[in-house]
Amino acid sequence: MKKVIISLIGVFLAFSVFFGASLVAAKEFVVGSNLVLSGPGADGGIAVQRAVERTTEIMNKEGFTVQGEKYTVNPVYYDSKYVPAESVANLEKMLSGGIKFIYSMGSGATVPLVEKTTVAKVFMMASCSGSDHLTSAKYPYSFRVYPCNEAAFAVYPWLVKTYPQIKNVAHVNPSDEAGFTESETRVKCAKNLGLKNVANEFFKRGATDYYPVATRLVGTKPDLIDFGGTAGRDQGLLAKALRELGYKGLITVHYSNPAVFSQIAGADNAEGVLFPNSVAEPQTPGQQEAHDWYVKKYGPPVPGMFYDNVDPLFMLVEAVKKANSFDPVKVSEVFRNLQWNSIFGPMYMGMESLYGLKSSACRPIPTGVFKNGQLKHLATIPWPSDEAVQKLNAK
Amino acid sequence: MGDLSLIIQMFMTGIIMGLIYMLVALGITLIFGVMRIVNIIHAELTMLAAFFMYYMFEVWHIPFIIALILCSAVISLIGIFFQRYLYKPLKYEILNVLIIAAGAGTAVRSASWIIFGPIARNISTVFPGMIRILGTPVSMERVAVALICVALTIALYIFLYKTKTGKSLRAVEQDSEAAAVLGISVDRVYVIVFIVSCSLAAVAGAFTGMLFAVEPEMGNDPFLKCIMILMIGGMGSIPGAILAGLLLGLIDSFTETLFGGEMAFIIGFALLMLILIIRPRGFFGYEA
């Protein structure tokens with residue numbers, strides 16, 4: 001019996017070594033994808049996974065060449081379940097498997113990784129907010145691949161200019177890493193633009209009933225309620241509660257799929273809601289192609305997180321090609337200075353004034369509005385200059 | 001919002017949410033009362049019911065009432081499947097059932113993400129519009145759902161106390177061996193209990209899907225509240241579930257509105273601990 005067990009362990013180890021090694025074998029560029037694929041937050045994770053799937057599908061038709069050898073992309077998926085401990089365990093698996101490039105999402109699941117990835121000199125693309133807990137001079141190999149809380153620097157000046165009636169702003173966010181960083185940036189932007197922050201509320205992500213938090217918000221009589229880092233079904237439920245309690249002012253919803261939002265909130269409750277940083281309807285050929293691919297494969301509607309994550313893997317491969325190397329340090333430097341024509345328009349790593357290093361995605365912000373039961377593209381807000389960001393970021 | 005209006009608002013929200021949690025809790029407590037097992041897959045049955053309702057009512061346009069009846073039937077069949085092929089082979093041992101149900105629940109949720117995808121959905125309301133109660137706005141659907149919860153609780157009471165089948169359920173609840181000696185088929189009673197419990201889950205799923213959103217994790221939050229309700233009210237006690245449901249709904253509403261969301265959980269659990277220290281079996285629970 002003892003011999004059988006020892007033999008089985010031996011066979012298992014041999015297989016582990018063989019398959020473990022194959023993860024980093026030549027001809028395959030392995031990107032460890034630490035996504036939320038189950039549990040709360042899986043709506044976003046599956047959307048990111050589908051964006052990665054599309055990119056891989058397109059890229060692997062031709063492959064790409066580094067140092068004369070042809071490679072394909074192999075995204076190996078790990079489910080973080082949006083649990084920090086699971087996420088760290090995934091990272092350890094990736095590191096022991098020799099993976100040097102990581103794509104991670106959800107600030108609660110990604111912030112706990114950044115110290116370790118930095119020490120291990122592993123390149124990390126973070127599809128989440130998290131402010132300087134994720135991207136700063138301390139973490140030179142970590143990049144935020146779509147504008148999160150930073151989008152407030154573009155959106156708030158536009159809001160003030162477009163809607164001069166806004167005087168009082170209420171903020172509402174989930175009570176987690178994403179919510180706190182979103183709230184911090186947005187409160188600061190509003191204040192520095194001369195608006196009065198009348199409320200800064202937090203709620204438990206994935207809660208059932210939003211009447212209590214909506215009651216608190218309505219009581220502060222705001223002209224604008226900024227949903228900040230509120231995501232997924234929480235957005236629709238919160239808006240529904242606000243409208244049912246009689247709130248008639250402006251609402252801004254970010255990171256949204258407006259079609260799903262209006263379905264959950266109800267078309268009447270969605271009327272007039274603004275959707276900064278969300279694709280209302282495809283505006284560029286790139287957005288249209290991504291939209292068509294998604295609809296053909298998975299059916300409508302297209303999740304907002306899908307659009308946000310169409311470009312990063314393309315950008316990473318471009319950086320690898322330009323660096324002509326799989327060295328994460330070299331790739332990081334190329335990635336930092338890459339100019340990319342994204343599906344949103346010109347995209348680059350910036351926000352040096354905020355984080356001390358060019359490390360966070362900057363690109364135009366598509367904005368839509370729900371009007372007459374229809375979702376309409378309203379504006380494409382240009383990305384602000386570093387000076388403008390500095391001014392709004394002042395204490 | 002004036003002070004009186006705010007109090008009315010908090011009170012109504014508390015009562016309505018308490019009644020909804022109570023409806024979910026009744027299904028779990030009924031099974032515990034009769035079979036002495038905690039059917040923690042009830043949360044997933046509620047979620048599956050919401051998805052079935054969504055497809056039947058929104059996609060296939062089956063009339064709401066017919067869809068609800070079909071949904072109850074389907075969820076009951078799934079429940080009976082679990083009872084027959086998971087719980088019965090384990091001889092209804094509480095700990096084994098708890099572990100296997102937790103595993104099955106996770107599997108059902110994970111499969112739901114794969115099958116239904118990442119997009120949250122909503123069941124269109126069949127009670128549109130708003131009304132004012134003492135000058136405070138409240139949606140018709142919330143009032144209607146609350147009334148349906150009350151009606152179902154009364155119906156459950158009548159079923160358990162005024163019908164022959166209900167009496168056989170209570171006989172098994174009190175002493176299954178004695179009930180069997182008196183000619184009551186315990187196996188049949190177990191199936192009936194699952195049908196009633198799953199039907200309650202189906203109704204709860206349909207209406208929470210209408211009031212809130214339909215997504216694979218939708219059962220988690222109400223389930224946690226239900227466990228609190230059952231502990232406070234007493235495992236297996238229907239009056240306990242009603243009283244604790246309303247109490248927790250009101251505490252949630254007042255604390256969340258006055259102090260914010262996280263405080264509601266802290267206060268809710270503090271109350272739970274206090275009650276369990278003073279009265280370990282809850283308000284109306286069984287003696288150990």
# chains A, B, ... in the order shown; residues from 1 in each chain; ligands from 1
call {"tool": "residues_around", "arguments": {"residues": "B:Leu169", "least_positions_apart": "6", "cutoff": "9 Å", "atoms": "only C-alpha atoms", "output": "list in words"}}
result
Val34, Leu160, Val186, Val189, Tyr190, Ile192 and Val193 of chain B
call {"tool": "closest_atom_pairs", "arguments": {"of": "chain B", "to": "chain A", "cutoff": "9 Å", "atoms": "only C-alpha atoms", "output": "tab-separated table"}}
result
residue	atom	partner	partner_atom	distance
B:Met1	CA	A:Gly219	CA	5.6
B:Gly2	CA	A:Gly219	CA	8.6
B:Leu6	CA	A:Thr215	CA	7.9
B:Gln9	CA	A:Thr215	CA	8.1
B:Met10	CA	A:Pro212	CA	7.3
B:Thr13	CA	A:Tyr211	CA	7.0
B:Met17	CA	A:Asp209	CA	7.7
B:Arg109	CA	A:Gly39	CA	7.9
B:Ser110	CA	A:Ser38	CA	6.1
B:Trp113	CA	A:Ser38	CA	6.9
B:Ile114	CA	A:Ile46	CA	8.9
B:Gly117	CA	A:Asp43	CA	7.3
B:Pro118	CA	A:Asp43	CA	3.8
B:Ile119	CA	A:Asp43	CA	6.1
B:Ala120	CA	A:Arg233	CA	5.9
B:Arg121	CA	A:Ile264	CA	6.4
B:Asn122	CA	A:Ile264	CA	5.2
B:Ile123	CA	A:Ile264	CA	8.2
B:Ser124	CA	A:Gly266	CA	8.1
B:Met130	CA	A:Glu244	CA	7.5
B:Thr136	CA	A:Leu245	CA	8.4
B:Pro137	CA	A:Leu245	CA	6.1
B:Val138	CA	A:Glu244	CA	6.8
B:Ser139	CA	A:Glu244	CA	6.5
B:Thr208	CA	A:Thr208	CA	8.8
B:Met210	CA	A:Ile264	CA	8.9
B:Leu211	CA	A:Leu237	CA	8.6
B:Phe212	CA	A:Leu237	CA	6.3
B:Ala213	CA	A:Ile264	CA	6.4
B:Val214	CA	A:Arg233	CA	8.7
B:Glu215	CA	A:Arg233	CA	8.4
B:Pro216	CA	A:Gly39	CA	8.0
B:Glu217	CA	A:Pro40	CA	6.2
B:Met218	CA	A:Thr208	CA	7.7
B:Asn220	CA	A:Gly206	CA	8.9
B:Asp221	CA	A:Ala207	CA	6.4
B:Pro222	CA	A:Thr208	CA	7.2
B:Asp252	CA	A:Pro212	CA	8.6
B:Ser253	CA	A:Pro212	CA	6.0
B:Phe254	CA	A:Pro212	CA	7.8
B:Thr255	CA	A:Pro212	CA	8.5
B:Glu256	CA	A:Pro212	CA	5.5
B:Thr257	CA	A:Pro212	CA	4.4
B:Leu258	CA	A:Arg216	CA	7.6
B:Gly260	CA	A:Val213	CA	6.9
B:Gly261	CA	A:Phe203	CA	5.2
B:Glu262	CA	A:Lys204	CA	6.7
call {"tool": "atom_distance", "arguments": {"atom1": "atom CA of B:Ile16", "atom2": "atom CA of B:Ala101"}}
result
28.9 Å
call {"tool": "atom_distance", "arguments": {"atom1": "atom CA of B:Ile227", "atom2": "atom CA of B:Cys71"}}
result
24.3 Å
call {"tool": "closest_residue", "arguments": {"among": "A:Ser360, A:Asn60, A:Asn149, A:Asn173", "to": "A:Cys189", "atoms": "only C-alpha atoms"}}
result
A:Asn149
call {"tool": "closest_residue", "arguments": {"among": "B:Leu68, B:Leu224, B:Ala270, B:Ile148", "to": "B:Ala206", "atoms": "only C-alpha atoms"}}
result
B:Leu68
call {"tool": "select_by_dssp", "arguments": {"residues": "stretch 9-178 of chain A", "states": "strand (DSSP E or B)", "output": "ChimeraX atom specification"}}
result
/A:28-35,64-66,69-79,101-105,123-127,142-144,168-174
call {"tool": "closest_residue", "arguments": {"among": "B:Gly183, B:Ala111, B:Gly209, B:Thr153", "to": "B:Val126", "atoms": "only C-alpha atoms"}}
result
B:Gly209
call {"tool": "residues_around", "arguments": {"residues": "A:Thr55", "least_positions_apart": "5", "cutoff": "7 Å", "atoms": "only C-alpha atoms", "output": "list in words"}}
result
Val310, Leu313 and Phe314 of chain A
call {"tool": "write_last_selection", "arguments": {"atoms": "N, CA and C atoms", "output": "CSV table (one decimal), in the first residue's frame"}}
result
chain,number,residue,atom,x,y,z
A,310,VAL,N,-10.9,45.7,-23.6
A,310,VAL,CA,-10.6,45.3,-25.0
A,310,VAL,C,-9.1,45.6,-25.3
A,313,LEU,N,-4.6,44.0,-23.3
A,313,LEU,CA,-3.8,42.8,-23.7
A,313,LEU,C,-3.1,43.1,-25.0
A,314,PHE,N,-3.8,43.8,-25.9
A,314,PHE,CA,-3.2,44.2,-27.2
A,314,PHE,C,-2.0,45.1,-26.9
call {"tool": "atom_distance", "arguments": {"atom1": "atom CA of B:Leu19", "atom2": "atom CA of B:Ile40"}}
result
19.5 Å
call {"tool": "residues_around", "arguments": {"residues": "B:Arg36", "least_positions_apart": "5", "cutoff": "8 Å", "atoms": "only C-alpha atoms", "output": "PyMOL selection string"}}
result
chain B and resi 31+92+94+236
call {"tool": "select_by_dssp", "arguments": {"residues": "stretch 66-122 of chain B", "states": "helix (DSSP H, G or I)", "output": "PyMOL selection string"}}
result
chain B and resi 66-87+94-116
call {"tool": "residues_around", "arguments": {"residues": "stretch 127-138 of chain A", "least_positions_apart": "3", "cutoff": "7 Å", "atoms": "only C-alpha atoms", "output": "PyMOL selection string"}}
result
chain A and resi 104-107+111+114+142-146+148-149+177-178+181+355-357+359-360
call {"tool": "decode", "arguments": {"residues": "stretch 124-151 of chain B", "atoms": "C-alpha atoms", "output": "PDB file, in the first residue's frame"}}
result
ATOM      1  CA  SER B 124     -40.869  43.641 -14.741  1.00  0.00           C
ATOM      2  CA  THR B 125     -43.253  44.742 -12.062  1.00  0.00           C
ATOM      3  CA  VAL B 126     -46.844  43.581 -12.197  1.00  0.00           C
ATOM      4  CA  PHE B 127     -47.783  46.229  -9.625  1.00  0.00           C
ATOM      5  CA  PRO B 128     -46.686  49.512 -11.214  1.00  0.00           C
ATOM      6  CA  GLY B 129     -46.979  52.965  -9.678  1.00  0.00           C
ATOM      7  CA  MET B 130     -46.500  54.693  -6.383  1.00  0.00           C
ATOM      8  CA  ILE B 131     -48.854  55.350  -3.488  1.00  0.00           C
ATOM      9  CA  ARG B 132     -48.588  57.545  -0.429  1.00  0.00           C
ATOM     10  CA  ILE B 133     -49.051  56.126   3.041  1.00  0.00           C
ATOM     11  CA  LEU B 134     -49.443  58.882   5.655  1.00  0.00           C
ATOM     12  CA  GLY B 135     -47.896  61.246   3.128  1.00  0.00           C
ATOM     13  CA  THR B 136     -44.804  59.086   2.530  1.00  0.00           C
ATOM     14  CA  PRO B 137     -44.157  57.687  -0.969  1.00  0.00           C
ATOM     15  CA  VAL B 138     -43.896  53.928  -1.358  1.00  0.00           C
ATOM     16  CA  SER B 139     -44.012  51.817  -4.492  1.00  0.00           C
ATOM     17  CA  MET B 140     -47.074  49.717  -5.160  1.00  0.00           C
ATOM     18  CA  GLU B 141     -44.925  46.657  -5.773  1.00  0.00           C
ATOM     19  CA  ARG B 142     -43.461  46.826  -2.262  1.00  0.00           C
ATOM     20  CA  VAL B 143     -46.904  47.110  -0.695  1.00  0.00           C
ATOM     21  CA  ALA B 144     -48.273  44.303  -2.882  1.00  0.00           C
ATOM     22  CA  VAL B 145     -45.355  41.985  -2.111  1.00  0.00           C
ATOM     23  CA  ALA B 146     -45.747  42.678   1.610  1.00  0.00           C
ATOM     24  CA  LEU B 147     -49.463  41.815   1.413  1.00  0.00           C
ATOM     25  CA  ILE B 148     -48.676  38.625  -0.523  1.00  0.00           C
ATOM     26  CA  CYS B 149     -46.196  37.637   2.199  1.00  0.00           C
ATOM     27  CA  VAL B 150     -48.901  38.149   4.839  1.00  0.00           C
ATOM     28  CA  ALA B 151     -51.438  36.166   2.775  1.00  0.00           C
TER      29      ALA B 151
END
